[in-house]
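Chemist: One file: coords.cif (mmCIF, C-alpha atoms).
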```
data_query
#
loop_
_atom_site.label_atom_id
_atom_site.label_comp_id
_atom_site.auth_asym_id
_atom_site.auth_seq_id
_atom_site.Cartn_x
_atom_site.Cartn_y
_atom_site.Cartn_z
CA MET B 1 -10.01 22.37 -26.66
CA GLN B 2 -6.52 23.44 -25.59
CA LYS B 3 -5.50 22.91 -21.99
CA VAL B 4 -4.08 25.99 -20.28
CA LYS B 5 -2.20 26.49 -17.03
CA LEU B 6 -4.50 26.92 -14.04
CA PRO B 7 -4.12 30.02 -11.90
CA ARG B 8 -1.98 29.39 -8.82
CA THR B 9 -4.47 30.98 -6.41
CA VAL B 10 -8.06 32.18 -6.62
CA ASP B 11 -10.47 34.06 -4.39
CA ALA B 12 -12.87 31.18 -3.79
CA PHE B 13 -15.82 33.38 -2.86
CA GLN B 14 -15.67 35.67 -5.91
CA THR B 15 -14.97 32.73 -8.23
CA ALA B 16 -17.92 30.79 -6.77
CA GLN B 17 -20.26 33.75 -7.16
CA ARG B 18 -19.29 33.96 -10.84
CA ARG B 19 -19.71 30.13 -11.16
CA LEU B 20 -16.42 29.75 -13.02
CA ASP B 21 -15.09 26.46 -14.36
CA TYR B 22 -11.44 25.69 -15.03
CA ASP B 23 -10.11 22.99 -17.33
CA GLY B 24 -6.35 22.98 -17.51
CA ILE B 25 -3.03 21.62 -16.37
CA ILE B 26 -0.58 22.01 -13.54
CA GLN B 27 2.95 21.54 -14.82
CA SER B 28 4.85 18.63 -13.29
CA ASN B 29 7.76 20.83 -12.17
CA ILE B 30 5.38 22.78 -9.90
CA LEU B 31 4.21 19.63 -8.06
CA LYS B 32 7.27 19.65 -5.78
CA ARG B 33 5.70 17.99 -2.73
CA LEU B 34 4.30 15.19 -4.91
CA ALA B 35 7.76 14.72 -6.44
CA GLU B 36 9.23 14.41 -2.93
CA SER B 37 6.66 11.68 -2.12
CA THR B 38 7.38 9.66 -5.26
CA VAL B 39 10.36 8.72 -7.43
CA ASP B 40 9.24 11.17 -10.14
CA VAL B 41 6.20 12.96 -11.57
CA LYS B 42 5.95 11.70 -15.16
CA SER B 43 3.22 13.96 -16.58
CA ASP B 44 1.53 17.29 -16.10
CA ALA B 45 -1.59 17.08 -13.94
CA GLU B 46 -4.84 17.42 -15.87
CA VAL B 47 -7.37 19.26 -13.71
CA THR B 48 -11.02 20.29 -14.04
CA MET B 49 -12.61 22.46 -11.35
CA SER B 50 -16.01 24.02 -10.83
CA PHE B 51 -16.80 26.77 -8.37
CA LYS B 52 -20.31 27.43 -7.07
CA VAL B 53 -22.24 28.72 -4.07
CA ASP B 54 -24.37 26.05 -2.38
CA GLU B 55 -27.65 26.30 -0.42
CA GLN B 56 -25.80 27.25 2.78
CA ARG B 57 -24.07 30.11 0.94
CA LEU B 58 -20.72 28.29 1.09
CA ALA B 59 -18.16 28.60 -1.70
CA VAL B 60 -17.73 25.06 -3.04
CA ILE B 61 -14.82 23.84 -5.16
CA SER B 62 -15.41 20.50 -6.84
CA GLY B 63 -13.16 18.85 -9.34
CA LYS B 64 -11.15 15.98 -10.71
CA ALA B 65 -7.46 15.60 -11.44
CA ASN B 66 -5.11 12.95 -12.77
CA VAL B 67 -1.37 12.53 -13.09
CA THR B 68 1.13 9.75 -13.74
CA VAL B 69 3.90 9.22 -11.18
CA LEU B 70 6.83 6.85 -10.85
CA LEU B 71 6.84 4.70 -7.69
CA GLU B 72 9.28 2.13 -6.31
CA CYS B 73 7.87 -1.36 -5.83
CA GLN B 74 8.36 -2.44 -2.23
CA ARG B 75 8.68 -6.12 -3.26
CA CYS B 76 11.30 -5.94 -6.00
CA ASN B 77 12.64 -2.34 -5.68
CA GLU B 78 12.00 -1.67 -9.39
CA ASN B 79 10.30 1.56 -10.50
CA PHE B 80 6.86 1.47 -12.12
CA GLU B 81 4.35 3.99 -13.42
CA HIS B 82 1.21 4.57 -11.37
CA HIS B 83 -1.77 6.63 -12.50
CA LEU B 84 -3.43 8.79 -9.82
CA ASN B 85 -7.02 9.79 -10.43
CA VAL B 86 -8.67 11.93 -7.72
CA SER B 87 -11.92 13.79 -7.21
CA PHE B 88 -12.62 16.33 -4.51
CA LYS B 89 -15.29 18.64 -3.12
CA CYS B 90 -14.16 21.27 -0.65
CA THR B 91 -14.95 24.63 0.88
CA PRO B 92 -12.67 27.25 2.44
CA PHE B 93 -12.04 27.04 6.20
CA LEU B 94 -13.21 30.27 7.81
CA SER B 95 -13.52 29.60 11.55
CA GLU B 96 -14.03 26.81 14.08
CA GLU B 97 -17.67 27.83 14.64
CA LYS B 98 -18.51 27.69 10.93
CA ALA B 99 -16.51 24.48 10.43
CA ALA B 100 -18.95 22.63 12.70
CA LEU B 101 -21.79 23.52 10.31
CA ILE B 102 -20.05 22.31 7.14
CA PRO B 103 -21.69 19.25 5.50
CA GLU B 104 -19.66 16.04 5.79
CA GLU B 105 -19.16 15.63 2.04
CA TYR B 106 -17.01 18.79 1.94
CA GLU B 107 -13.35 18.82 2.87
CA LEU B 108 -12.01 22.00 4.41
CA VAL B 109 -9.23 23.84 2.61
CA ASP B 110 -7.09 26.53 4.21
CA LEU B 111 -6.81 30.03 2.82
CA ASN B 112 -3.42 31.64 2.34
CA GLU B 113 -2.41 34.96 3.91
CA MET B 114 -4.17 36.83 1.08
CA GLY B 115 -7.48 35.04 1.76
CA GLU B 116 -7.19 32.92 -1.38
CA VAL B 117 -7.15 29.19 -2.08
CA ASP B 118 -3.88 27.81 -3.47
CA LEU B 119 -5.12 25.47 -6.20
CA VAL B 120 -1.74 23.80 -6.70
CA GLU B 121 -1.51 22.90 -2.99
CA LEU B 122 -5.13 21.69 -3.01
CA VAL B 123 -4.52 19.33 -5.93
CA THR B 124 -1.12 18.24 -4.56
CA ASP B 125 -2.72 17.33 -1.23
CA GLU B 126 -5.32 15.20 -3.01
CA PHE B 127 -2.64 13.38 -5.02
CA ILE B 128 -0.54 12.67 -1.92
CA LEU B 129 -3.58 11.29 -0.10
CA ALA B 130 -4.29 9.01 -3.09
CA LEU B 131 -0.80 7.45 -3.10
CA PRO B 132 -0.81 3.78 -2.08
CA GLN B 133 0.41 3.07 1.45
CA VAL B 134 2.66 0.30 0.09
CA ALA B 135 3.61 0.75 -3.54
CA MET B 136 3.80 -2.55 -5.44
CA HIS B 137 3.49 -3.80 -9.00
CA ASP B 138 0.65 -6.11 -9.89
CA ILE B 139 1.88 -9.59 -8.94
CA LYS B 140 2.02 -10.60 -12.62
CA ASP B 141 4.32 -7.64 -13.46
CA CYS B 142 6.60 -7.89 -10.42
CA GLN B 143 10.12 -9.31 -10.71
CA VAL B 144 9.65 -11.19 -7.42
CA LYS B 145 7.31 -14.14 -7.88
CA SER B 146 4.99 -15.30 -5.11
CA ASN B 147 6.92 -18.55 -4.57
CA ASN B 148 10.02 -16.49 -3.72
CA LEU B 149 8.39 -14.43 -0.98
CA VAL B 150 9.55 -16.69 1.90
CA PHE B 151 13.06 -15.97 3.11
CA GLY B 152 14.96 -18.56 5.14
CA GLU B 153 13.80 -21.71 6.85
CA ILE B 154 11.00 -21.74 9.36
CA PRO B 155 12.25 -23.69 12.37
CA GLU B 156 10.14 -26.50 13.72
CA GLU B 157 8.71 -25.81 17.14
CA GLU B 158 10.51 -27.40 20.02
CA GLU B 159 8.69 -29.17 22.82
CA LYS B 160 8.51 -26.54 25.55
CA PRO B 161 7.98 -27.50 29.16
CA ASN B 162 4.58 -26.67 30.59
CA PRO B 163 4.98 -23.94 33.24
CA PHE B 164 2.12 -25.47 35.25
CA ASP B 165 3.95 -28.77 35.73
CA VAL B 166 5.40 -27.26 38.91
CA LEU B 167 1.87 -26.92 40.28
CA LYS B 168 1.20 -30.61 39.54
CA SER B 169 4.10 -31.61 41.75
CA LEU B 170 2.79 -29.38 44.56
CA LYS B 171 -0.69 -30.92 44.27
CA GLN B 172 0.70 -34.46 44.61
CA GLN B 173 2.34 -33.68 47.96
#
```
How does the structure come out when it is put into structure tokens?
Modeler:
Amino acid sequence: MQKVKLPRTVDAFQTAQRRLDYDGIIQSNILKRLAESTVDVKSDAEVTMSFKVDEQRLAVISGKANVTVLLECQRCNENFEHHLNVSFKCTPFLSEEKAALIPEEYELVDLNEMGEVDLVELVTDEFILALPQVAMHDIKDCQVKSNNLVFGEIPEEEEKPNPFDVLKSLKQQ
């Protein structure tokens, strides 16, 4: 089956009522915010999404996506490829009152000014949240070996005077 470009935006409620499924790609040049958060986006994002209406009559978007990005190792400063694989289940944010009734397993996604969900922004947000806090190679692949991780000499502790010695002298008087 050939992968096609996903639509940029969809009306989540109409799409959920029709129970549509999407299986496609988001081109790497469109993932601008992900590119700003990494060294480079190496591949197009492969995305599958399903839209449905749940028991509470909420439009639910569930899906999976994966992409390969280039990150900079924080130990050795060399670039390495990292594969991001995310899954998500969300529903459009309508109001504060309705948000309180949303089940915990759903994330809330904002609607644009046209009342539609921006699928590219939704997937980009999930990728950015999946990035490691500190990007590093596996220790076996890193240029910096574990025995080189200590920089400089650790000074030996000096004998410090006890601050309570003054009280001892007062007690003896």
Chemist: Starting from the displayed file, determine the output of the PyMOL selection byres ((chain B and resi 58-74) around 8) and express the residue list as JSON, numbers by chain.
Modeler: {"B": [12, 13, 16, 17, 38, 39, 40, 41, 42, 43, 44, 45, 46, 47, 48, 49, 50, 51, 52, 53, 54, 55, 56, 57, 75, 76, 77, 78, 79, 80, 81, 82, 83, 84, 85, 86, 87, 88, 89, 90, 91, 92, 123, 134, 135, 136, 137]}
Chemist: Which residues fall under the PyMOL selection byres ((chain B and resi 8) around 7) in this file, as a CSV table (one decimal) with C-alpha atoms, keeping the file's coordinate frame?
Modeler:
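Written output follows (expr_24.csv):
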```
chain,number,residue,atom,x,y,z
B,6,LEU,CA,-4.5,26.9,-14.0
B,7,PRO,CA,-4.1,30.0,-11.9
B,9,THR,CA,-4.5,31.0,-6.4
B,118,ASP,CA,-3.9,27.8,-3.5
B,119,LEU,CA,-5.1,25.5,-6.2
B,120,VAL,CA,-1.7,23.8,-6.7
```
Chemist: Quote the spacing between CA of Val117 (chain B) and CA of Ala99 (chain B) in Å to one decimal place.
Modeler: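 One can read the CA of Val117 (chain B) to CA of Ala99 (chain B) distance as 16.3 Å.
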Chemist: Record the distance separating CA of Asn29 (chain B) and CA of Phe127 (chain B), expressed in Å with one decimal.
Modeler: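 Going from CA of Asn29 (chain B) over to CA of Phe127 (chain B), I get 14.7 Å.
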Chemist: Could you tell me which of B:Ile128, B:Glu159, B:Lys171, B:Asp165 comes closest to Ala35 (chain B) if we count all atoms listed in the file?
Modeler: B:Ile128
Chemist: Select all residues near (-2.5, 30.6, 5.2) (cut-off 12 Å, inclusive, file coordinates), counting all atoms listed in the file, and output them as a PyMOL selection string.
Modeler: chain B and resi 9+92-94+109-118+121
Chemist: Which one of B:Asp11, B:Leu122, B:Glu36, B:Lys5 sits closest to Asp23 (chain B) if you count all atoms listed in the file?
Modeler: B:Lys5
Chemist: In Å to one decimal, how far is CA of Arg33 (chain B) from CA of Thr124 (chain B)?
Modeler: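 Separation between CA of Thr124 (chain B) and CA of Arg33 (chain B): 7.1 Å.
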